[in-house]
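Colleague: Structure file query_17.tsv (TSV, C-alpha atoms) is given on the next line.
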```tsv
chain	number	residue	atom	x	y	z
A	584	MET	CA	0.00	0.00	0.00
A	585	ARG	CA	3.00	2.36	0.30
A	586	GLU	CA	4.39	1.77	-3.14
A	587	ARG	CA	4.37	4.77	-5.54
A	588	PHE	CA	5.40	5.30	-9.12
A	589	ALA	CA	8.38	7.57	-9.63
A	590	ASP	CA	6.37	10.00	-11.76
A	591	SER	CA	4.48	12.29	-9.40
A	592	ASP	CA	1.69	12.66	-11.96
A	593	SER	CA	0.94	8.95	-12.01
A	594	PHE	CA	-1.78	6.87	-10.45
A	595	SER	CA	-0.32	4.62	-7.81
A	596	ARG	CA	-0.95	2.35	-4.92
A	597	ILE	CA	-2.45	4.43	-2.17
A	598	ARG	CA	-0.13	6.26	0.19
A	599	PRO	CA	-1.86	6.41	3.60
A	600	LYS	CA	-2.60	9.95	4.69
A	601	GLY	CA	-1.52	9.44	8.29
A	602	GLY	CA	-1.43	7.08	11.27
A	603	SER	CA	-4.26	4.92	12.54
A	604	ARG	CA	-7.62	6.59	12.97
A	605	ARG	CA	-10.52	5.64	15.18
A	606	GLY	CA	-13.45	4.31	13.23
A	607	ARG	CA	-11.65	3.89	9.86
A	608	ARG	CA	-13.66	1.74	7.49
A	609	SER	CA	-11.76	-0.52	5.53
A	610	ASP	CA	-27.42	15.37	-30.40
A	611	ARG	CA	-25.49	17.56	-27.71
A	612	PHE	CA	-25.59	17.14	-24.01
A	613	ASP	CA	-26.44	20.69	-22.91
A	614	ASP	CA	-29.87	19.85	-21.46
A	615	PHE	CA	-28.59	17.57	-18.69
A	616	GLU	CA	-30.15	18.16	-15.28
A	617	PRO	CA	-29.96	15.36	-12.69
A	618	GLU	CA	-33.09	14.45	-10.81
A	619	TYR	CA	-33.07	15.43	-7.15
A	620	VAL	CA	-33.29	12.61	-4.61
A	621	PRO	CA	-36.09	13.40	-2.11
A	622	PHE	CA	-34.98	13.81	1.48
A	623	GLU	CA	-36.99	10.80	2.59
A	624	ALA	CA	-35.47	8.60	-0.12
A	625	ALA	CA	-32.03	9.03	1.36
A	626	GLY	CA	-33.09	7.12	4.49
A	627	PHE	CA	-32.20	9.84	6.99
A	628	PRO	CA	-35.53	10.02	8.90
A	629	GLU	CA	-35.50	6.25	9.45
A	630	ALA	CA	-31.97	6.47	10.83
A	631	LEU	CA	-33.12	9.06	13.36
A	632	ASP	CA	-36.19	7.06	14.40
A	633	ASP	CA	-34.30	3.80	14.86
A	634	PRO	CA	-32.61	3.75	18.31
A	635	ALA	CA	-30.08	1.22	17.01
A	636	SER	CA	-28.96	3.60	14.29
A	637	PRO	CA	-26.06	5.98	14.82
A	638	SER	CA	-27.15	9.45	15.92
A	639	PRO	CA	-25.34	12.28	14.15
A	640	ALA	CA	-26.10	14.68	16.97
A	641	ALA	CA	-24.84	12.39	19.70
A	642	ASP	CA	-21.55	11.23	18.28
A	643	GLY	CA	-19.71	12.92	15.41
A	644	PRO	CA	-17.26	11.30	12.99
A	645	ALA	CA	-13.78	10.35	14.11
A	646	GLU	CA	-11.14	13.06	13.98
A	647	GLY	CA	-10.09	13.67	10.39
A	648	ASP	CA	-13.36	12.29	9.00
A	649	ARG	CA	-16.46	14.29	8.03
A	650	TRP	CA	-20.16	13.81	7.55
A	651	SER	CA	-21.17	12.98	3.99
A	652	THR	CA	-21.35	16.08	1.82
A	653	TRP	CA	-24.20	14.66	-0.27
A	654	ASP	CA	-26.76	17.16	1.07
A	655	ARG	CA	-24.42	20.09	0.37
A	656	SER	CA	-24.71	19.63	-3.38
A	657	THR	CA	-27.65	21.04	-5.30
A	658	PRO	CA	-29.65	18.81	-7.67
A	659	THR	CA	-27.55	19.94	-10.65
A	660	GLU	CA	-24.37	19.27	-8.67
A	661	LYS	CA	-25.17	15.56	-8.41
A	662	GLY	CA	-24.52	12.85	-10.96
A	663	PRO	CA	-26.95	11.72	-13.66
A	664	GLU	CA	-29.81	9.30	-13.14
A	665	PRO	CA	-30.06	6.40	-12.96
A	666	ARG	CA	-27.29	6.35	-10.38
A	667	PRO	CA	-25.21	3.18	-9.97
A	668	ALA	CA	-26.23	1.07	-6.97
A	669	TRP	CA	-22.87	1.68	-5.27
A	670	VAL	CA	-23.49	5.42	-4.82
A	671	VAL	CA	-24.12	6.12	-1.10
A	672	THR	CA	-26.68	8.90	-0.67
A	673	GLU	CA	-27.66	8.33	2.98
A	674	LEU	CA	-27.23	11.52	4.99
A	675	ALA	CA	-25.96	9.58	8.02
A	676	ALA	CA	-22.91	8.45	6.02
A	677	VAL	CA	-19.38	9.44	6.97
A	678	ASP	CA	-16.53	10.29	4.60
A	679	THR	CA	-13.13	8.87	5.55
A	680	GLU	CA	-10.02	9.96	3.70
A	681	LEU	CA	-7.67	7.03	3.13
A	682	GLY	CA	-4.74	8.54	1.26
A	683	ILE	CA	-3.57	10.19	-1.92
A	684	VAL	CA	-3.93	8.52	-5.31
A	685	LYS	CA	-2.42	11.06	-7.69
A	686	THR	CA	-0.79	14.48	-7.65
A	687	GLY	CA	-0.98	16.86	-10.57
A	688	LYS	CA	-0.28	20.43	-11.60
A	689	GLU	CA	-3.83	21.70	-11.10
A	690	ALA	CA	-5.43	19.18	-8.75
A	691	ASP	CA	-4.76	16.23	-6.49
A	692	VAL	CA	-6.81	13.02	-6.28
A	693	PHE	CA	-7.52	11.36	-2.94
A	694	LEU	CA	-9.06	8.02	-2.01
A	695	LEU	CA	-12.25	8.49	0.00
A	696	GLU	CA	-14.55	5.96	1.61
A	697	ARG	CA	-18.16	6.92	2.17
A	698	GLY	CA	-20.00	4.58	4.49
A	699	VAL	CA	-22.96	4.38	6.85
A	700	PRO	CA	-21.68	3.49	10.36
A	701	GLY	CA	-22.96	0.22	11.73
A	702	THR	CA	-23.90	-1.14	8.30
A	703	GLY	CA	-22.16	-2.73	5.35
A	704	ARG	CA	-23.20	0.20	3.17
A	705	ARG	CA	-19.97	1.81	1.94
A	706	THR	CA	-18.09	2.63	-1.22
A	707	LEU	CA	-14.72	3.93	-2.38
A	708	MET	CA	-14.57	7.14	-4.40
A	709	ALA	CA	-11.91	9.34	-5.95
A	710	ALA	CA	-11.97	12.89	-4.60
A	711	LYS	CA	-10.41	15.29	-7.09
A	712	ARG	CA	-9.57	18.60	-5.42
A	713	TYR	CA	-8.53	21.58	-7.46
A	714	ARG	CA	-5.97	23.74	-5.73
A	715	ASP	CA	-6.60	27.30	-4.60
A	716	ALA	CA	-5.65	30.17	-6.87
A	717	GLN	CA	-2.24	30.67	-5.26
A	718	HIS	CA	-1.14	27.11	-5.92
A	719	ARG	CA	-2.70	26.24	-9.26
A	720	MET	CA	-0.65	25.99	-12.43
A	721	PHE	CA	-3.18	26.25	-15.24
A	722	HIS	CA	-0.62	26.06	-18.01
A	723	ARG	CA	-3.05	24.97	-20.72
A	724	ASP	CA	-5.63	27.76	-20.52
A	725	SER	CA	-5.22	29.75	-23.72
A	726	GLY	CA	-6.18	27.26	-26.44
A	727	TYR	CA	-8.87	25.48	-24.46
A	728	LEU	CA	-10.69	28.67	-23.50
A	729	GLU	CA	-11.26	29.66	-27.12
A	730	GLY	CA	-14.98	29.43	-27.81
A	731	ARG	CA	-15.87	29.60	-24.10
A	732	ARG	CA	-17.62	32.65	-22.73
A	733	HIS	CA	-18.67	33.68	-19.25
A	734	LYS	CA	-22.24	34.95	-18.89
A	735	GLU	CA	-20.89	38.24	-17.52
A	736	SER	CA	-18.98	40.24	-20.11
A	737	ARG	CA	-16.71	41.86	-17.53
A	738	VAL	CA	-15.55	38.41	-16.40
A	739	SER	CA	-14.90	37.38	-20.00
A	740	ARG	CA	-12.83	40.53	-20.56
A	741	ALA	CA	-10.83	39.93	-17.39
A	742	MET	CA	-10.18	36.32	-18.44
A	743	ALA	CA	-9.04	37.42	-21.88
A	744	LYS	CA	-6.65	40.01	-20.41
A	745	ARG	CA	-5.39	37.57	-17.75
A	746	THR	CA	-5.83	40.11	-14.96
A	747	ALA	CA	-5.55	38.87	-11.37
A	748	PHE	CA	-9.34	38.68	-11.21
A	749	GLY	CA	-9.42	37.00	-14.61
A	750	LYS	CA	-6.94	34.32	-13.52
A	751	GLU	CA	-9.05	33.66	-10.46
A	752	ALA	CA	-12.12	33.28	-12.67
A	753	ILE	CA	-10.28	30.89	-14.99
A	754	ALA	CA	-9.11	28.77	-12.06
A	755	GLY	CA	-12.65	28.63	-10.68
A	756	GLN	CA	-14.02	27.23	-13.95
A	757	TRP	CA	-12.05	24.00	-14.04
A	758	ALA	CA	-13.80	21.91	-11.38
A	759	ALA	CA	-17.25	22.90	-12.64
A	760	ALA	CA	-16.17	22.29	-16.24
A	761	GLU	CA	-14.89	18.82	-15.46
A	762	PHE	CA	-17.98	17.79	-13.49
A	763	ALA	CA	-20.29	19.03	-16.23
A	764	ALA	CA	-18.22	17.21	-18.85
A	765	LEU	CA	-18.26	13.96	-16.89
A	766	CYS	CA	-22.05	14.17	-16.54
A	767	ARG	CA	-22.51	14.77	-20.26
A	768	LEU	CA	-20.10	12.08	-21.31
A	769	TRP	CA	-21.39	9.47	-18.87
A	770	SER	CA	-24.95	10.11	-20.06
A	771	ALA	CA	-23.80	9.74	-23.68
A	772	GLY	CA	-22.15	6.37	-22.99
A	773	VAL	CA	-18.52	7.50	-23.07
A	774	ALA	CA	-16.21	5.41	-20.85
A	775	VAL	CA	-15.52	7.92	-18.05
A	776	PRO	CA	-15.75	7.60	-14.26
A	777	TYR	CA	-19.27	8.14	-12.91
A	778	PRO	CA	-19.46	11.66	-11.39
A	779	VAL	CA	-21.09	11.43	-7.95
A	780	GLN	CA	-21.23	15.10	-6.92
A	781	ILE	CA	-19.38	18.39	-6.79
A	782	THR	CA	-18.99	20.73	-3.83
A	783	GLY	CA	-16.95	23.83	-4.50
A	784	THR	CA	-13.72	22.68	-6.10
A	785	GLU	CA	-14.01	19.03	-5.01
A	786	ILE	CA	-15.37	16.42	-7.42
A	787	LEU	CA	-16.32	13.01	-6.05
A	788	MET	CA	-16.35	10.32	-8.70
A	789	GLU	CA	-16.11	6.60	-9.29
A	790	PHE	CA	-12.85	5.12	-8.06
A	791	VAL	CA	-11.41	3.03	-10.88
A	792	GLY	CA	-9.50	0.32	-9.08
A	793	ASP	CA	-9.92	-2.66	-6.79
A	794	ALA	CA	-11.77	-2.95	-3.49
A	795	GLY	CA	-8.51	-2.76	-1.57
A	796	GLY	CA	-7.82	0.76	-2.82
A	797	THR	CA	-5.27	0.03	-5.53
A	798	ALA	CA	-5.91	2.36	-8.47
A	799	ALA	CA	-6.09	0.98	-12.00
A	800	PRO	CA	-2.90	1.50	-14.02
A	801	ARG	CA	-2.68	4.07	-16.75
A	802	LEU	CA	-2.50	2.82	-20.32
A	803	ALA	CA	1.11	4.01	-20.49
A	804	GLN	CA	2.02	1.67	-17.62
A	805	LEU	CA	0.65	-1.50	-19.20
A	806	ARG	CA	3.13	-4.05	-20.45
A	807	THR	CA	2.46	-5.29	-23.96
A	808	GLU	CA	1.73	-8.81	-22.76
A	809	GLU	CA	-0.93	-7.45	-20.37
A	810	ALA	CA	-2.83	-5.54	-23.04
A	811	ASP	CA	-5.26	-6.73	-25.67
A	812	ILE	CA	-4.23	-4.05	-28.16
A	813	GLU	CA	-7.04	-4.65	-30.63
A	814	GLU	CA	-9.79	-4.67	-27.99
A	815	LEU	CA	-8.50	-1.55	-26.25
A	816	TRP	CA	-8.24	0.29	-29.58
A	817	GLU	CA	-11.84	-0.63	-30.38
A	818	GLN	CA	-12.99	0.61	-26.97
A	819	LEU	CA	-11.10	3.86	-27.46
A	820	GLY	CA	-12.61	4.36	-30.91
A	821	ARG	CA	-16.15	3.88	-29.59
A	822	SER	CA	-15.71	6.45	-26.83
A	823	LEU	CA	-14.01	9.00	-29.07
A	824	SER	CA	-16.75	8.56	-31.67
A	825	LEU	CA	-19.43	9.26	-29.06
A	826	LEU	CA	-17.49	12.37	-28.05
A	827	ALA	CA	-17.21	13.57	-31.66
A	828	LEU	CA	-20.86	12.88	-32.44
A	829	GLY	CA	-21.75	15.09	-29.48
A	830	GLY	CA	-19.51	17.83	-30.81
A	831	TYR	CA	-16.60	17.39	-28.42
A	832	ALA	CA	-12.97	16.30	-28.22
A	833	HIS	CA	-11.03	15.42	-25.08
A	834	GLY	CA	-8.43	18.09	-25.80
A	835	ASP	CA	-5.49	16.55	-23.93
A	836	LEU	CA	-5.72	12.82	-24.55
A	837	SER	CA	-2.71	10.55	-24.22
A	838	ALA	CA	-1.77	7.17	-22.78
A	839	TYR	CA	-1.30	8.97	-19.44
A	840	ASN	CA	-4.94	9.91	-18.86
A	841	ILE	CA	-6.53	6.62	-19.82
A	842	LEU	CA	-6.95	3.90	-17.18
A	843	VAL	CA	-7.31	0.18	-17.85
A	844	HIS	CA	-9.10	-1.86	-15.20
A	845	HIS	CA	-9.55	-5.59	-15.91
A	846	GLY	CA	-9.63	-4.89	-19.64
A	847	ARG	CA	-12.00	-1.93	-19.34
A	848	LEU	CA	-10.67	1.33	-20.78
A	849	VAL	CA	-11.65	4.51	-18.87
A	850	ILE	CA	-10.87	8.07	-20.00
A	851	ILE	CA	-10.06	10.57	-17.24
A	852	ASP	CA	-9.07	14.23	-16.78
A	853	VAL	CA	-11.62	16.04	-18.92
A	854	PRO	CA	-11.80	19.65	-17.61
A	855	GLN	CA	-10.42	21.00	-20.87
A	856	ILE	CA	-13.00	19.29	-23.09
A	857	VAL	CA	-13.08	21.10	-26.44
A	858	ASP	CA	-16.28	22.27	-28.13
A	859	LEU	CA	-15.65	21.28	-31.75
A	860	VAL	CA	-18.23	23.75	-33.06
A	861	ALA	CA	-17.18	26.87	-31.15
A	862	ASN	CA	-13.41	26.33	-31.05
A	863	PRO	CA	-11.61	27.51	-34.22
A	864	ARG	CA	-8.83	24.97	-33.62
A	865	ALA	CA	-11.24	22.07	-33.30
A	866	ARG	CA	-9.73	19.71	-35.86
A	867	SER	CA	-6.20	20.19	-34.55
A	868	PHE	CA	-7.32	19.25	-31.03
A	869	LEU	CA	-9.19	16.20	-32.29
A	870	GLU	CA	-6.30	15.03	-34.44
A	871	ARG	CA	-3.75	15.60	-31.68
A	872	ASP	CA	-5.83	13.49	-29.28
A	873	VAL	CA	-5.86	10.55	-31.67
A	874	ARG	CA	-2.21	10.76	-32.66
A	875	ASN	CA	-0.97	11.17	-29.09
A	876	VAL	CA	-2.64	8.01	-27.86
A	877	GLY	CA	-2.24	6.30	-31.24
A	878	ALA	CA	1.54	6.52	-30.84
A	879	TRP	CA	1.29	4.16	-27.84
A	880	PHE	CA	-0.76	1.65	-29.83
A	881	ALA	CA	1.46	1.94	-32.92
A	882	SER	CA	4.54	1.21	-30.82
A	883	ARG	CA	2.87	-2.06	-29.82
A	884	GLY	CA	1.96	-3.24	-33.29
A	885	LEU	CA	-1.13	-1.33	-34.36
A	886	PRO	CA	-0.73	-0.30	-38.03
A	887	GLU	CA	-0.23	3.46	-38.46
A	888	ALA	CA	-2.98	3.42	-41.07
A	889	ARG	CA	-5.50	2.59	-38.32
A	890	VAL	CA	-4.58	5.83	-36.55
A	891	ASP	CA	-5.11	7.83	-39.75
A	892	GLN	CA	-8.44	6.10	-40.31
A	893	LEU	CA	-9.66	6.99	-36.83
A	894	VAL	CA	-8.74	10.65	-37.33
A	895	GLU	CA	-10.81	10.81	-40.52
A	896	SER	CA	-13.69	8.86	-39.00
A	897	LEU	CA	-13.91	11.19	-35.99
A	898	ALA	CA	-13.71	14.28	-38.17
A	899	ALA	CA	-16.66	12.94	-40.14
A	900	ASP	CA	-18.57	12.18	-36.92
A	901	ALA	CA	-17.99	15.77	-35.79
A	902	ARG	CA	-18.85	17.15	-39.25
A	903	LEU	CA	-15.50	18.85	-39.60
A	904	GLY	CA	-14.17	19.64	-43.06
```
When written as structure tokens, how does the structure in this file appear?

Modeller:
Amino acid sequence: MRERFADSDSFSRIRPKGGSRRGRRSDRFDDFEPEYVPFEAAGFPEALDDPASPSPAADGPAEGDRWSTWDRSTPTEKGPEPRPAWVVTELAAVDTELGIVKTGKEADVFLLERGVPGTGRRTLMAAKRYRDAQHRMFHRDSGYLEGRRHKESRVSRAMAKRTAFGKEAIAGQWAAAEFAALCRLWSAGVAVPYPVQITGTEILMEFVGDAGGTAAPRLAQLRTEEADIEELWEQLGRSLSLLALGGYAHGDLSAYNILVHHGRLVIIDVPQIVDLVANPRARSFLERDVRNVGAWFASRGLPEARVDQLVESLAADARLG
């Protein structure tokens, strides 16, 4: 559990956050609006009425833990319906941080367990937390922000001029942009982690890994003998086609932001998703995505012509000339 990859940007085995802790428990998509879960449906009143159930008022979470943040998210800040059965929505649940999964330039990913004390109801999630304005390094802003506009013109002007206020506004967009993209893509059938909820600059999403907390390896970390090259390429093509048909490209795709878990390919890190209609550099982003990840496949025997074919196929899906 203490093993880490040398690259600080990589997914790894979980590094425990600290010492032992009491109580630790081992068309387009613009119209999306998740359905709100009624208060009663979350099971909270029953928990209060049942004397055998834990009482939030009487005994708080262990030090370092927190109550579930589920009720702090608005209906549009929760993932799309139907929700997977593993999503814990009970308001009596407790969130326990288990360690760090990945560090990055703009955000860090932590392993979080959400569980209802005294029951077997619990799940692991990835908590992606964007850093505050003083510590972010949004080095990719300029190209990705083309075609995006803020509803307030003064904010758009500040962003364009990169004033201090504008930089703050840009930084504040990324978490919301990623959550919205995950919701759209999940609903469209793209292979992305299920987005559970967003609160502020923290996104809780499906943890892609095993029950013991070991994260799935990135595509770049797979040995050739471990990978079914043809099957993974087909999976990638299906997801990228769904993206293109919806008018989007990943914008920063490579073998380093694709996970492979028991043969299932999952695309991650989508805050910079590119609108292929509004962005004047749309085709270059789409083509770069395919060629970046295609280089990994080509180095393992995939014919280069297949990469070229996918570029043309996606351009046609997106109706790009």

Colleague: Quick one: pull the distance between CA of Gly643 (chain A) and CA of Ala794 (chain A), Å, one decimal.

Modeller: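 Taking CA of Gly643 (chain A) and CA of Ala794 (chain A), their separation equals 25.9 Å.
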
Colleague: CA of Ser837 (chain A) and CA of Asn875 (chain A) are how many Å apart?

Modeller: 5.2 Å

Colleague: Between A:Lys685, A:Arg883, A:Arg889, A:Arg871, which residue has the minimum interatomic distance to Ala798 (chain A), considering only C-alpha atoms?

Modeller: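 Smallest separation from Ala798 (chain A) among the options: A:Lys685.
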
Colleague: Write out as a ChimeraX atom specification each polymer residue whose atoms come within 7 Å of region 802-814 of chain A, counting all atoms listed in the file; drop sequence neighbours fewer than 2 positions from it.

Modeller: /A:800,816-818,838-839,841-843,880,883

Colleague: Would you please work out which residue, of A:Gln855, A:Thr706, A:Ser882, A:Ser867, is nearest to Glu761 (chain A) when using all atoms listed in the file?

Modeller: A:Gln855

Colleague: Could you work out how far CA of Ala763 (chain A) lies from CA of Thr686 (chain A), giving the answer in Å with one decimal?

Modeller: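 Value for the CA of Thr686 (chain A)-CA of Ala763 (chain A) distance: 21.8 Å.
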